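Notes for the one structure printed next.
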Amino acid sequence: MKVLGIRFCKVAKANDAKAIADMLGENGLGLKPTDMGESETFNGAVFPVDEQAQKGLGSWIELWPAGENMPEMTMLQIVVDDADAFAERAKSNGLDVKGPDDAHGERIYYLEGAGGLPISFQSKV
């Protein structure tokens, strides 16, 4: 069992999410976002932080505007080589694992960490 990457996901008020993206972007810290297409409104930003992220395996930062189907939150996502094996280990250690859900080519499990932090771990299907 191996961790392949870490993703940080923040869903916030559109102005706040955009401000964070601007701070991380080329006119701030200099991170290069993925092209999300042209839009008059902020639709989100993804900042890959390694070459593996281009393959959906590595680490990145995601920022999204909150909306009707996407509440404000911060989430830790752990990309692993075998989500099913990680789920079995977590369950055997007494953790309350939810899932799996298969979406976007990934098998995803969920946990709630201390203080209510949403945590997911996922692998390619």
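A note on labels: chains of the structure tokens are A, B, ... as shown, every chain counts residues from 1, and ligands are counted from 1 in their shown order.
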Using DSSP on the backbone coordinates, identify the residues of range 70-116 of chain A assigned to helix (DSSP H, G or I); present them as a PyMOL selection string.
chain A and resi 83-92+114-116
Mind checking which residues fall within 7 Å of Phe8 in chain A, counting only C-alpha atoms, ignoring those fewer than 4 positions away in the same chain, and posting them as a PyMOL selection string?
chain A and resi 60-62+75-77
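The residue set within 10 Å of range 46-48 of chain A, counting only C-alpha atoms and dropping same-chain residues fewer than 2 places from it, reads Arg7, Phe8, Cys9, Ala21, Leu24, Gly25, Leu31, Lys32, Pro33, Thr34, Asp35, Met36, Gly44, Asp50, Glu51, Gln52, Ala53, Gln54, Gly56, Gly58, Ser59, Trp60, Ile61, Glu62, Leu63 and Trp64 of chain A.
Residues with any atom within 12 Å of Phe42 in chain A, counting only C-alpha atoms and excluding same-chain neighbours fewer than 5 positions away, are Ala12, Lys13, Ala14, Asn15, Asp16, Ala17, Lys18, Ala19, Ile20, Ala21, Asp22, Met36, Gly37, Leu63, Trp64, Pro65 and Ala66 of chain A.
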What gap, in Å, lies between CA of Val49 in chain A and CA of Leu4 in chain A?
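Atom-to-atom, CA of Val49 in chain A and CA of Leu4 in chain A are spaced 12.6 Å apart.
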Determine, counting only C-alpha atoms, which protein, DNA and RNA residues have an atom within 12 Å of an atom of range 91-104 of chain A; residues of the same chain fewer than 2 positions away are not included. Present the result as a short mmCIF file (atom, residue, chain, number, x, y, z; two decimals) with N, CA, C and O atoms, in the first residue's frame.
data_model
loop_
_atom_site.label_atom_id
_atom_site.label_comp_id
_atom_site.auth_asym_id
_atom_site.auth_seq_id
_atom_site.Cartn_x
_atom_site.Cartn_y
_atom_site.Cartn_z
N GLY A 56 -3.48 12.49 -13.10
CA GLY A 56 -4.49 12.27 -12.08
C GLY A 56 -4.01 11.47 -10.89
O GLY A 56 -4.80 10.96 -10.10
N ALA A 83 -7.24 1.81 -3.15
CA ALA A 83 -8.19 2.34 -2.17
C ALA A 83 -8.88 1.22 -1.39
O ALA A 83 -9.15 1.36 -0.20
N ASP A 84 -9.17 0.11 -2.06
CA ASP A 84 -9.84 -1.00 -1.37
C ASP A 84 -8.97 -1.54 -0.22
O ASP A 84 -9.46 -1.81 0.87
N ALA A 85 -7.67 -1.68 -0.47
CA ALA A 85 -6.77 -2.17 0.57
C ALA A 85 -6.67 -1.17 1.72
O ALA A 85 -6.67 -1.57 2.89
N PHE A 86 -6.61 0.12 1.41
CA PHE A 86 -6.58 1.13 2.46
C PHE A 86 -7.87 1.10 3.26
O PHE A 86 -7.86 1.25 4.49
N ALA A 87 -9.01 0.88 2.59
CA ALA A 87 -10.30 0.82 3.29
C ALA A 87 -10.32 -0.37 4.25
O ALA A 87 -10.78 -0.24 5.40
N GLU A 88 -9.85 -1.51 3.79
CA GLU A 88 -9.83 -2.69 4.66
C GLU A 88 -8.95 -2.44 5.89
O GLU A 88 -9.31 -2.80 7.01
N ARG A 89 -7.79 -1.84 5.68
CA ARG A 89 -6.90 -1.53 6.80
C ARG A 89 -7.57 -0.57 7.78
O ARG A 89 -7.54 -0.77 8.99
N GLU A 106 -12.16 7.03 -10.55
CA GLU A 106 -11.53 6.73 -9.28
C GLU A 106 -12.50 5.98 -8.36
O GLU A 106 -13.70 6.17 -8.43
N ARG A 107 -11.95 5.15 -7.51
CA ARG A 107 -12.70 4.53 -6.42
C ARG A 107 -12.39 5.36 -5.18
O ARG A 107 -11.24 5.55 -4.82
N ILE A 108 -13.45 5.88 -4.53
CA ILE A 108 -13.30 6.86 -3.46
C ILE A 108 -13.97 6.37 -2.18
O ILE A 108 -15.12 5.92 -2.20
N TYR A 109 -13.25 6.48 -1.07
CA TYR A 109 -13.77 6.20 0.27
C TYR A 109 -13.68 7.48 1.09
O TYR A 109 -12.85 8.35 0.80
N TYR A 110 -14.51 7.55 2.14
CA TYR A 110 -14.59 8.76 2.95
C TYR A 110 -14.46 8.45 4.43
O TYR A 110 -14.95 7.42 4.90
N LEU A 111 -13.86 9.39 5.15
CA LEU A 111 -13.76 9.36 6.61
C LEU A 111 -14.03 10.76 7.13
O LEU A 111 -13.85 11.74 6.40
N GLU A 112 -14.41 10.85 8.39
CA GLU A 112 -14.47 12.16 9.04
C GLU A 112 -13.39 12.19 10.10
O GLU A 112 -13.36 11.36 11.00
N GLY A 113 -12.48 13.14 9.97
CA GLY A 113 -11.39 13.27 10.91
C GLY A 113 -11.78 14.09 12.13
O GLY A 113 -12.89 14.62 12.21
N ALA A 114 -10.86 14.22 13.04
CA ALA A 114 -11.08 15.03 14.24
C ALA A 114 -11.48 16.44 13.84
O ALA A 114 -10.99 16.97 12.84
N PRO A 118 -13.35 16.57 6.62
CA PRO A 118 -13.62 15.53 5.64
C PRO A 118 -12.31 15.03 5.02
O PRO A 118 -11.46 15.83 4.64
N ILE A 119 -12.16 13.72 4.96
CA ILE A 119 -10.98 13.10 4.37
C ILE A 119 -11.46 12.06 3.38
O ILE A 119 -12.38 11.28 3.68
N SER A 120 -10.88 12.03 2.21
CA SER A 120 -11.16 10.96 1.26
C SER A 120 -9.85 10.31 0.90
O SER A 120 -8.78 10.91 1.00
N PHE A 121 -9.94 9.06 0.49
CA PHE A 121 -8.79 8.41 -0.13
C PHE A 121 -9.30 7.67 -1.33
O PHE A 121 -10.39 7.11 -1.34
N GLN A 122 -8.51 7.72 -2.40
CA GLN A 122 -8.97 7.20 -3.67
C GLN A 122 -7.82 6.68 -4.51
O GLN A 122 -6.69 7.09 -4.33
N SER A 123 -8.21 5.78 -5.43
CA SER A 123 -7.25 5.25 -6.40
C SER A 123 -7.94 5.16 -7.75
O SER A 123 -9.17 5.18 -7.83
N LYS A 124 -7.14 5.06 -8.79
CA LYS A 124 -7.70 4.85 -10.12
C LYS A 124 -8.45 3.52 -10.14
O LYS A 124 -8.03 2.57 -9.50
N VAL A 125 -9.57 3.48 -10.87
CA VAL A 125 -10.34 2.24 -11.00
C VAL A 125 -9.65 1.36 -12.00
O VAL A 125 -9.17 1.77 -13.01
#
DSSP on the backbone: which residues in range 10-99 of chain A end up as strand (DSSP E)? Give the answer as a list in words.
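Residues meeting the strand (DSSP E) criterion: Lys10, Val11, Ala12, Ala45, Val46, Phe47, Pro48, Trp60, Ile61, Glu62, Leu63, Trp64, Pro65, Met73, Thr74, Met75, Leu76, Gln77, Ile78, Val79, Val80, Lys98 and Gly99 of chain A.
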Which value, in Å to one decimal, gives the distance between CA of Met23 in chain A and CA of Asn43 in chain A?
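It comes out at 16.0 Å.
Going from CA of Ala45 in chain A to CA of Met73 in chain A covers 15.4 Å.
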